[in-house]
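Participant: My structure is stored as entry.tsv, with TSV, N, CA and C atoms.
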```tsv
chain	number	residue	atom	x	y	z
A	1	MET	N	0.84	-1.18	0.00
A	1	MET	CA	0.00	0.00	0.00
A	1	MET	C	0.89	1.24	0.00
A	2	LYS	N	0.44	2.28	-0.65
A	2	LYS	CA	1.20	3.51	-0.78
A	2	LYS	C	0.36	4.65	-0.23
A	3	LYS	N	0.98	5.48	0.65
A	3	LYS	CA	0.27	6.61	1.24
A	3	LYS	C	1.09	7.88	1.02
A	4	LEU	N	0.44	8.92	0.49
A	4	LEU	CA	1.12	10.18	0.27
A	4	LEU	C	1.59	10.76	1.59
A	5	PHE	N	2.89	11.07	1.68
A	5	PHE	CA	3.48	11.62	2.90
A	5	PHE	C	3.63	13.13	2.79
A	6	GLY	N	4.03	13.61	1.61
A	6	GLY	CA	4.22	15.04	1.42
A	6	GLY	C	4.52	15.37	-0.03
A	7	GLU	N	4.55	16.68	-0.31
A	7	GLU	CA	4.85	17.17	-1.66
A	7	GLU	C	5.79	18.35	-1.56
A	8	ALA	N	6.56	18.56	-2.63
A	8	ALA	CA	7.43	19.73	-2.72
A	8	ALA	C	7.31	20.31	-4.12
A	9	ASN	N	7.11	21.61	-4.18
A	9	ASN	CA	7.15	22.33	-5.46
A	9	ASN	C	8.51	22.99	-5.55
A	10	ILE	N	9.27	22.57	-6.54
A	10	ILE	CA	10.65	23.04	-6.68
A	10	ILE	C	10.69	24.23	-7.62
A	11	ASN	N	11.31	25.29	-7.15
A	11	ASN	CA	11.42	26.53	-7.91
A	11	ASN	C	12.59	26.41	-8.89
A	12	VAL	N	12.30	26.42	-10.20
A	12	VAL	CA	13.36	26.27	-11.20
A	12	VAL	C	14.28	27.47	-11.26
A	13	GLU	N	13.89	28.59	-10.67
A	13	GLU	CA	14.78	29.75	-10.65
A	13	GLU	C	16.05	29.45	-9.87
A	14	ASN	N	15.98	28.50	-8.95
A	14	ASN	CA	17.16	28.09	-8.19
A	14	ASN	C	18.19	27.38	-9.06
A	15	PHE	N	17.81	26.97	-10.26
A	15	PHE	CA	18.71	26.25	-11.15
A	15	PHE	C	19.41	27.18	-12.14
A	16	ASN	N	19.27	28.49	-11.97
A	16	ASN	CA	19.86	29.47	-12.89
A	16	ASN	C	19.40	29.26	-14.32
A	17	GLU	N	18.18	28.83	-14.48
A	17	GLU	CA	17.60	28.61	-15.79
A	17	GLU	C	16.24	29.29	-15.84
A	18	ALA	N	16.24	30.58	-15.57
A	18	ALA	CA	14.98	31.33	-15.45
A	18	ALA	C	14.17	31.30	-16.73
A	19	GLU	N	14.82	31.05	-17.87
A	19	GLU	CA	14.07	31.03	-19.13
A	19	GLU	C	13.21	29.77	-19.25
A	20	ARG	N	13.49	28.79	-18.43
A	20	ARG	CA	12.67	27.58	-18.45
A	20	ARG	C	11.29	27.88	-17.88
A	21	LYS	N	10.30	27.34	-18.48
A	21	LYS	CA	8.92	27.55	-18.04
A	21	LYS	C	8.41	26.33	-17.26
A	22	GLN	N	9.30	25.45	-16.89
A	22	GLN	CA	8.88	24.22	-16.26
A	22	GLN	C	8.48	24.42	-14.80
A	23	LYS	N	7.55	23.61	-14.40
A	23	LYS	CA	7.16	23.53	-13.00
A	23	LYS	C	7.46	22.11	-12.56
A	24	ILE	N	8.11	21.99	-11.40
A	24	ILE	CA	8.50	20.68	-10.91
A	24	ILE	C	7.80	20.41	-9.58
A	25	LYS	N	7.18	19.25	-9.49
A	25	LYS	CA	6.54	18.81	-8.25
A	25	LYS	C	7.06	17.42	-7.93
A	26	VAL	N	7.42	17.21	-6.68
A	26	VAL	CA	7.83	15.88	-6.24
A	26	VAL	C	6.86	15.42	-5.16
A	27	LYS	N	6.36	14.20	-5.31
A	27	LYS	CA	5.47	13.60	-4.31
A	27	LYS	C	6.23	12.48	-3.61
A	28	TYR	N	6.07	12.45	-2.29
A	28	TYR	CA	6.78	11.49	-1.45
A	28	TYR	C	5.75	10.55	-0.81
A	29	TYR	N	5.98	9.25	-0.96
A	29	TYR	CA	5.05	8.26	-0.47
A	29	TYR	C	5.72	7.32	0.54
A	30	LYS	N	4.93	6.89	1.53
A	30	LYS	CA	5.37	5.84	2.44
A	30	LYS	C	4.73	4.55	1.95
A	31	LEU	N	5.53	3.50	1.86
A	31	LEU	CA	5.06	2.21	1.39
A	31	LEU	C	4.98	1.22	2.55
A	32	THR	N	3.92	0.44	2.58
A	32	THR	CA	3.83	-0.69	3.50
A	32	THR	C	3.62	-1.92	2.63
A	33	ALA	N	4.31	-2.99	2.98
A	33	ALA	CA	4.29	-4.15	2.08
A	33	ALA	C	4.01	-5.46	2.80
A	34	SER	N	2.97	-5.48	3.61
A	34	SER	CA	2.62	-6.74	4.24
A	34	SER	C	1.26	-6.65	4.89
A	35	GLU	N	0.61	-7.78	4.98
A	35	GLU	CA	-0.67	-7.82	5.69
A	35	GLU	C	-0.48	-8.34	7.11
A	36	VAL	N	0.67	-8.90	7.39
A	36	VAL	CA	0.96	-9.44	8.72
A	36	VAL	C	1.78	-8.41	9.49
A	37	LYS	N	1.22	-7.90	10.57
A	37	LYS	CA	1.81	-6.78	11.29
A	37	LYS	C	3.25	-7.06	11.75
A	38	GLU	N	3.53	-8.26	12.25
A	38	GLU	CA	4.88	-8.55	12.76
A	38	GLU	C	5.94	-8.49	11.66
A	39	ASP	N	5.57	-8.79	10.44
A	39	ASP	CA	6.53	-8.82	9.34
A	39	ASP	C	6.49	-7.56	8.49
A	40	GLU	N	5.79	-6.56	8.95
A	40	GLU	CA	5.59	-5.39	8.11
A	40	GLU	C	6.90	-4.67	7.85
A	41	LYS	N	7.15	-4.38	6.62
A	41	LYS	CA	8.32	-3.64	6.19
A	41	LYS	C	7.85	-2.35	5.54
A	42	PHE	N	8.59	-1.30	5.74
A	42	PHE	CA	8.23	0.00	5.18
A	42	PHE	C	9.26	0.42	4.15
A	43	GLY	N	8.81	1.20	3.20
A	43	GLY	CA	9.68	1.73	2.18
A	43	GLY	C	9.20	3.10	1.75
A	44	ILE	N	9.79	3.61	0.69
A	44	ILE	CA	9.44	4.94	0.18
A	44	ILE	C	9.32	4.89	-1.33
A	45	ALA	N	8.61	5.86	-1.85
A	45	ALA	CA	8.54	6.07	-3.30
A	45	ALA	C	8.52	7.57	-3.54
A	46	LEU	N	9.23	8.02	-4.55
A	46	LEU	CA	9.23	9.43	-4.95
A	46	LEU	C	8.82	9.50	-6.41
A	47	VAL	N	7.95	10.45	-6.71
A	47	VAL	CA	7.51	10.67	-8.08
A	47	VAL	C	7.71	12.14	-8.41
A	48	LYS	N	8.48	12.39	-9.45
A	48	LYS	CA	8.75	13.77	-9.90
A	48	LYS	C	7.94	14.02	-11.16
A	49	GLU	N	7.22	15.14	-11.18
A	49	GLU	CA	6.44	15.53	-12.34
A	49	GLU	C	6.92	16.89	-12.82
A	50	GLU	N	7.21	16.99	-14.10
A	50	GLU	CA	7.63	18.26	-14.70
A	50	GLU	C	6.62	18.63	-15.77
A	51	ASN	N	6.13	19.84	-15.68
A	51	ASN	CA	5.26	20.37	-16.71
A	51	ASN	C	6.10	21.34	-17.52
A	52	ASP	N	6.25	21.07	-18.81
A	52	ASP	CA	7.15	21.88	-19.64
A	52	ASP	C	6.45	23.09	-20.28
A	53	GLY	N	5.31	23.49	-19.74
A	53	GLY	CA	4.61	24.64	-20.29
A	53	GLY	C	3.58	24.24	-21.33
A	54	LYS	N	3.65	23.02	-21.79
A	54	LYS	CA	2.65	22.49	-22.70
A	54	LYS	C	1.78	21.57	-21.87
A	55	LYS	N	1.14	20.63	-22.49
A	55	LYS	CA	0.32	19.69	-21.73
A	55	LYS	C	1.10	18.45	-21.33
A	56	ASP	N	2.33	18.34	-21.79
A	56	ASP	CA	3.13	17.16	-21.48
A	56	ASP	C	3.62	17.18	-20.03
A	57	VAL	N	3.60	16.06	-19.39
A	57	VAL	CA	4.15	15.92	-18.05
A	57	VAL	C	5.21	14.83	-18.11
A	58	ILE	N	6.41	15.18	-17.72
A	58	ILE	CA	7.52	14.24	-17.72
A	58	ILE	C	7.62	13.69	-16.30
A	59	THR	N	7.61	12.39	-16.13
A	59	THR	CA	7.69	11.82	-14.79
A	59	THR	C	8.94	10.99	-14.63
A	60	GLU	N	9.43	11.01	-13.41
A	60	GLU	CA	10.58	10.21	-13.01
A	60	GLU	C	10.22	9.67	-11.64
A	61	LYS	N	10.53	8.42	-11.37
A	61	LYS	CA	10.19	7.90	-10.05
A	61	LYS	C	11.23	6.90	-9.58
A	62	ILE	N	11.23	6.71	-8.27
A	62	ILE	CA	12.08	5.71	-7.65
A	62	ILE	C	11.27	5.05	-6.54
A	63	ILE	N	11.43	3.74	-6.42
A	63	ILE	CA	10.75	2.98	-5.37
A	63	ILE	C	11.81	2.20	-4.61
A	64	GLU	N	11.82	2.39	-3.30
A	64	GLU	CA	12.71	1.65	-2.41
A	64	GLU	C	11.84	0.95	-1.39
A	65	SER	N	11.59	-0.34	-1.59
A	65	SER	CA	10.71	-1.06	-0.69
A	65	SER	C	11.53	-1.82	0.35
A	66	ASN	N	10.87	-2.19	1.43
A	66	ASN	CA	11.49	-2.98	2.51
A	66	ASN	C	12.78	-2.38	3.05
A	67	LEU	N	12.75	-1.09	3.34
A	67	LEU	CA	13.93	-0.43	3.91
A	67	LEU	C	14.08	-0.69	5.40
A	68	SER	N	12.97	-0.74	6.12
A	68	SER	CA	13.03	-0.91	7.57
A	68	SER	C	11.68	-1.39	8.09
A	69	ASN	N	11.71	-2.05	9.26
A	69	ASN	CA	10.46	-2.39	9.91
A	69	ASN	C	10.11	-1.37	10.98
A	70	ASN	N	10.90	-0.29	11.06
A	70	ASN	CA	10.68	0.79	12.01
A	70	ASN	C	9.98	1.95	11.29
A	71	GLU	N	8.68	2.10	11.52
A	71	GLU	CA	7.91	3.13	10.83
A	71	GLU	C	8.38	4.54	11.16
A	72	ASN	N	8.79	4.79	12.41
A	72	ASN	CA	9.29	6.12	12.78
A	72	ASN	C	10.54	6.48	12.00
A	73	LEU	N	11.38	5.52	11.76
A	73	LEU	CA	12.60	5.75	10.98
A	73	LEU	C	12.26	6.16	9.55
A	74	ILE	N	11.30	5.49	8.96
A	74	ILE	CA	10.87	5.82	7.59
A	74	ILE	C	10.21	7.20	7.57
A	75	ASP	N	9.39	7.51	8.58
A	75	ASP	CA	8.77	8.84	8.65
A	75	ASP	C	9.83	9.93	8.73
A	76	ASN	N	10.86	9.71	9.53
A	76	ASN	CA	11.93	10.71	9.64
A	76	ASN	C	12.70	10.84	8.33
A	77	LEU	N	12.94	9.73	7.67
A	77	LEU	CA	13.61	9.78	6.36
A	77	LEU	C	12.78	10.60	5.38
A	78	LEU	N	11.48	10.36	5.35
A	78	LEU	CA	10.60	11.10	4.44
A	78	LEU	C	10.56	12.59	4.80
A	79	LYS	N	10.58	12.93	6.09
A	79	LYS	CA	10.61	14.34	6.50
A	79	LYS	C	11.85	15.03	5.93
A	80	ILE	N	12.98	14.36	5.99
A	80	ILE	CA	14.22	14.92	5.45
A	80	ILE	C	14.12	15.11	3.94
A	81	LEU	N	13.60	14.10	3.25
A	81	LEU	CA	13.48	14.18	1.79
A	81	LEU	C	12.56	15.33	1.38
A	82	VAL	N	11.44	15.50	2.10
A	82	VAL	CA	10.50	16.59	1.79
A	82	VAL	C	11.13	17.94	2.11
A	83	ASN	N	11.72	18.08	3.29
A	83	ASN	CA	12.30	19.37	3.71
A	83	ASN	C	13.40	19.85	2.77
A	84	TYR	N	14.21	18.92	2.28
A	84	TYR	CA	15.30	19.29	1.39
A	84	TYR	C	14.94	19.16	-0.09
A	85	GLN	N	13.69	18.89	-0.38
A	85	GLN	CA	13.18	18.79	-1.74
A	85	GLN	C	14.03	17.86	-2.62
A	86	VAL	N	14.30	16.69	-2.09
A	86	VAL	CA	15.13	15.71	-2.79
A	86	VAL	C	14.34	15.11	-3.95
A	87	THR	N	14.98	15.00	-5.10
A	87	THR	CA	14.35	14.42	-6.28
A	87	THR	C	14.76	12.95	-6.41
A	88	PRO	N	14.06	12.19	-7.24
A	88	PRO	CA	14.40	10.77	-7.39
A	88	PRO	C	15.85	10.50	-7.79
A	89	VAL	N	16.43	11.37	-8.58
A	89	VAL	CA	17.79	11.13	-9.05
A	89	VAL	C	18.81	11.16	-7.90
A	90	ALA	N	18.57	11.93	-6.86
A	90	ALA	CA	19.50	12.02	-5.73
A	90	ALA	C	19.16	11.05	-4.61
A	91	THR	N	18.03	10.42	-4.70
A	91	THR	CA	17.56	9.56	-3.61
A	91	THR	C	18.46	8.34	-3.41
A	92	GLY	N	19.01	7.80	-4.46
A	92	GLY	CA	19.86	6.61	-4.34
A	92	GLY	C	21.03	6.82	-3.40
A	93	ASP	N	21.68	7.96	-3.47
A	93	ASP	CA	22.80	8.26	-2.57
A	93	ASP	C	22.35	8.34	-1.12
A	94	ILE	N	21.20	8.95	-0.90
A	94	ILE	CA	20.67	9.09	0.46
A	94	ILE	C	20.29	7.72	1.02
A	95	ILE	N	19.68	6.89	0.21
A	95	ILE	CA	19.29	5.55	0.65
A	95	ILE	C	20.53	4.72	0.97
A	96	SER	N	21.57	4.87	0.19
A	96	SER	CA	22.82	4.16	0.45
A	96	SER	C	23.37	4.55	1.82
A	97	ASP	N	23.38	5.85	2.13
A	97	ASP	CA	23.83	6.32	3.45
A	97	ASP	C	22.89	5.84	4.55
A	98	PHE	N	21.60	5.85	4.27
A	98	PHE	CA	20.59	5.40	5.23
A	98	PHE	C	20.84	3.93	5.62
A	99	LYS	N	21.14	3.10	4.64
A	99	LYS	CA	21.36	1.69	4.92
A	99	LYS	C	22.63	1.46	5.75
A	100	LYS	N	23.64	2.32	5.56
A	100	LYS	CA	24.88	2.19	6.32
A	100	LYS	C	24.72	2.65	7.77
A	101	CYS	N	23.90	3.70	7.98
A	101	CYS	CA	23.80	4.30	9.31
A	101	CYS	C	22.39	4.85	9.53
A	102	PRO	N	21.40	3.98	9.74
A	102	PRO	CA	20.01	4.45	9.88
A	102	PRO	C	19.78	5.36	11.08
A	103	GLU	N	20.54	5.20	12.15
A	103	GLU	CA	20.34	6.06	13.33
A	103	GLU	C	20.67	7.52	13.05
A	104	LEU	N	21.42	7.80	12.01
A	104	LEU	CA	21.73	9.17	11.62
A	104	LEU	C	20.45	9.94	11.26
A	105	ILE	N	19.47	9.24	10.74
A	105	ILE	CA	18.19	9.87	10.35
A	105	ILE	C	17.51	10.49	11.56
A	106	PHE	N	17.56	9.84	12.72
A	106	PHE	CA	16.94	10.39	13.93
A	106	PHE	C	17.65	11.67	14.36
A	107	SER	N	18.97	11.71	14.26
A	107	SER	CA	19.70	12.90	14.69
A	107	SER	C	19.48	14.08	13.75
A	108	MET	N	19.17	13.83	12.49
A	108	MET	CA	18.98	14.91	11.52
A	108	MET	C	17.62	15.59	11.65
A	109	THR	N	16.66	14.93	12.31
A	109	THR	CA	15.32	15.50	12.41
A	109	THR	C	15.07	16.17	13.76
A	110	LYS	N	16.07	16.29	14.59
A	110	LYS	CA	15.89	16.94	15.90
A	110	LYS	C	16.01	18.43	15.78
```
Please lay out the structure from this file as structure tokens.

Facilitator:
Amino acid sequence: MKKLFGEANINVENFNEAERKQKIKVKYYKLTASEVKEDEKFGIALVKEENDGKKDVITEKIIESNLSNNENLIDNLLKILVNYQVTPVATGDIISDFKKCPELIFSMTK
């Protein structure tokens, strides 16, 4: 099951490309992947949508399932991703660090 956790609207002016007419939105989801509570694993999904000023929407997404059985840890990870407006392309590096040192996520949200 997938539940929307948060959204970020990214300002393209921050990319020094003011002539671009694109609007970027990233949606952050919390994933649950089990019907048995004891075995429940949580994950995340990010979906990036770009509107190029026409009717076309370009999407990019990443799904990382079964990251942890600690829901608070996943919630804190998602808070960080939303606050820093992380896009799917940068998520892999963050997940790699998360897997090496998950307790770091708790210290970053204090």

Participant: Out of A:Ile80, A:Ile10, A:Leu4, A:Val86, which residue has the shortest atom-to-atom distance to Tyr29 in chain A when counting only N, CA and C atoms?

Facilitator: A:Leu4

Participant: Between atom C of Ser96 in chain A and atom N of Lys41 in chain A, measure the distance and give it in Å to one decimal.

Facilitator: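 Between atom C of Ser96 in chain A and atom N of Lys41 in chain A the gap works out to 19.1 Å.
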
Participant: Using only C-alpha atoms, can you tell me which of A:Asn9, A:Leu73, A:Pro88, A:Thr59 comes closest to Ile105 in chain A?

Facilitator: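 Checking each of A:Asn9, A:Leu73, A:Pro88, A:Thr59 against Ile105 in chain A, counting only C-alpha atoms, the winner is A:Leu73.
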
Participant: Which neighbours of Lys30 in chain A fall inside 7 Å, counting only N, CA and C atoms, when residues of the same chain fewer than 5 positions from it are skipped, and could you give them as JSON, numbers by chain?

Facilitator: {"A": [1, 2, 3, 4, 5, 6, 42, 43, 44, 45]}

Participant: Which residues come within 12 Å of Phe98 in chain A, counting only C-alpha atoms, excluding same-chain residues fewer than 2 positions away, as a PyMOL selection string?

Facilitator: chain A and resi 43+64+67-68+73-74+76-78+80-81+91-96+100-106+108

Participant: Could you check how far atom C of Glu50 in chain A sits from CA of Lys79 in chain A, in Å to one decimal?

Facilitator: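 Going from atom C of Glu50 in chain A over to CA of Lys79 in chain A covers 23.0 Å.
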